[in-house]
Amino acid sequence: NNAIELKEKNHNRLESNKLINNRKINNIVTLTSLSTDIIANISPEKLVAIPGSSLFKDNTMFDDLPRISQGRTPPNLEKIVSLKPDLVIGTKGFHDKILGKLKDFNIQTISYELNDWNSLENTINLISTKLDINDLEKSNEIINTNLKECVVPNEQNKKPNVVVLASTKPILSPNSKSWAGNLLQRFGLNSLTKDLDSKTQFRGYVNLSPEWLVKEDPENLIIVQTRPGQYVDFEKSQPFSNLKAVKSDKVHRFNYYGLINAGSLESINSACLKLKKIF
C-alpha cells in the first residue's frame, strides 16, 4: 500500500510540474539585476517586480515596478507570492532557498550561474526559450546591440600583462575561473593571476601577498571601485607606490558592476568598452 501511495504521489507531482512548466508566462518576477535587464530587452511588459538595485536608479522604465528586495535584504517571499508570478528568475547558490519555497507554491522558477561569457549567452537563451521566443536569434540580437563592445575578433594581438585588484585589504584578484578573469581572457589580456589556485572563501579569486605583487611588477593595474573616489590615495600607498604600473601611470579604475559582478547588460558593455580603450 505504501509503495502504491508513493507511486501515486510521484505521478501527481510529475503531472503538476508538467502543468506548471506548460503554463503560458505573462508575469515575471526577477531576483537579479541582470535577469531584469534581459527581460526588459525581450518582453518588458511581463515584468511585475524587480530587485532593488542602484543600476536602475536612472531608468524610468522600472519606476512603477515594486521592489522585492533591497541591498543585502533577501527577497520578500510573501510579496512575490502575492503577485502571482508565472516565473521567478534567480541565481544558483544565492537564491536556492527562496526558489525552493516558490516551487512549493507551484510557481515556475529559473536559476542560472554566471562565471563566463558562454554562461551569459546560455542564460539569455534559456530565458528567451521560456518566453517562447526564438532563443538563438534573440540572443544574437541582444549581444550585437546591447553588448556590441564585447564582440571581439577571433585573432588577438599580444596584449600587455595586467593584474586586477578586486580588493586591496586583503589583496584579492580574479583567476580564470571567475567572470572577470574570463572577460580579460576574451580580450586577449595576459592576467598574471589567471592560473593561480583560489584558496579564499570567494571562488574564482586569489589572495595575493604584497611580496608577490612587487615581484611580478605588472605593466598594468586595474583597481575596482564600489564607489567613486574610493582609492583616491592608492598610488601613494604601499606596496603599490613602487610598482611599474603606478610609475608609468597605467592604473585603471573600473566599476564593480560589469567587471566583477556582471550587474546588467549595460554595465557589462561599459566594462568591455573600457577594456578596449585601455588596451
# chains A, B, ... in the order shown; residues from 1 in each chain; ligands from 1
>>> residues_around(residues="range 253-258 of chain A", least_positions_apart="6", cutoff="7 Å", atoms="only C-alpha atoms", output="PyMOL selection string")
chain A and resi 222-226+267-268+270-271
>>> closest_residue(among="A:Ser35, A:Ser178, A:Asn59, A:Ser173", to="Ser111 in chain A", atoms="only C-alpha atoms")
A:Ser35
>>> atom_distance(atom1="CA of Ile80 in chain A", atom2="CA of Leu47 in chain A")
12.1 Å
>>> closest_residue(among="A:Ile107, A:Ala40, A:Val206, A:Val163", to="Lys177 in chain A", atoms="only C-alpha atoms")
A:Val206
>>> select_by_dssp(residues="range 33-194 of chain A", states="alpha helix (DSSP H)", output="count of residues only")
59
>>> atom_distance(atom1="CA of Thr73 in chain A", atom2="CA of Arg203 in chain A")
22.1 Å
>>> atom_distance(atom1="CA of Ser237 in chain A", atom2="CA of Gln185 in chain A")
28.7 Å
>>> residues_around(residues="Ile127 in chain A", least_positions_apart="4", cutoff="9 Å", atoms="only C-alpha atoms", output="PyMOL selection string")
chain A and resi 35+38-39+42+89+110+122-123+131-133+135
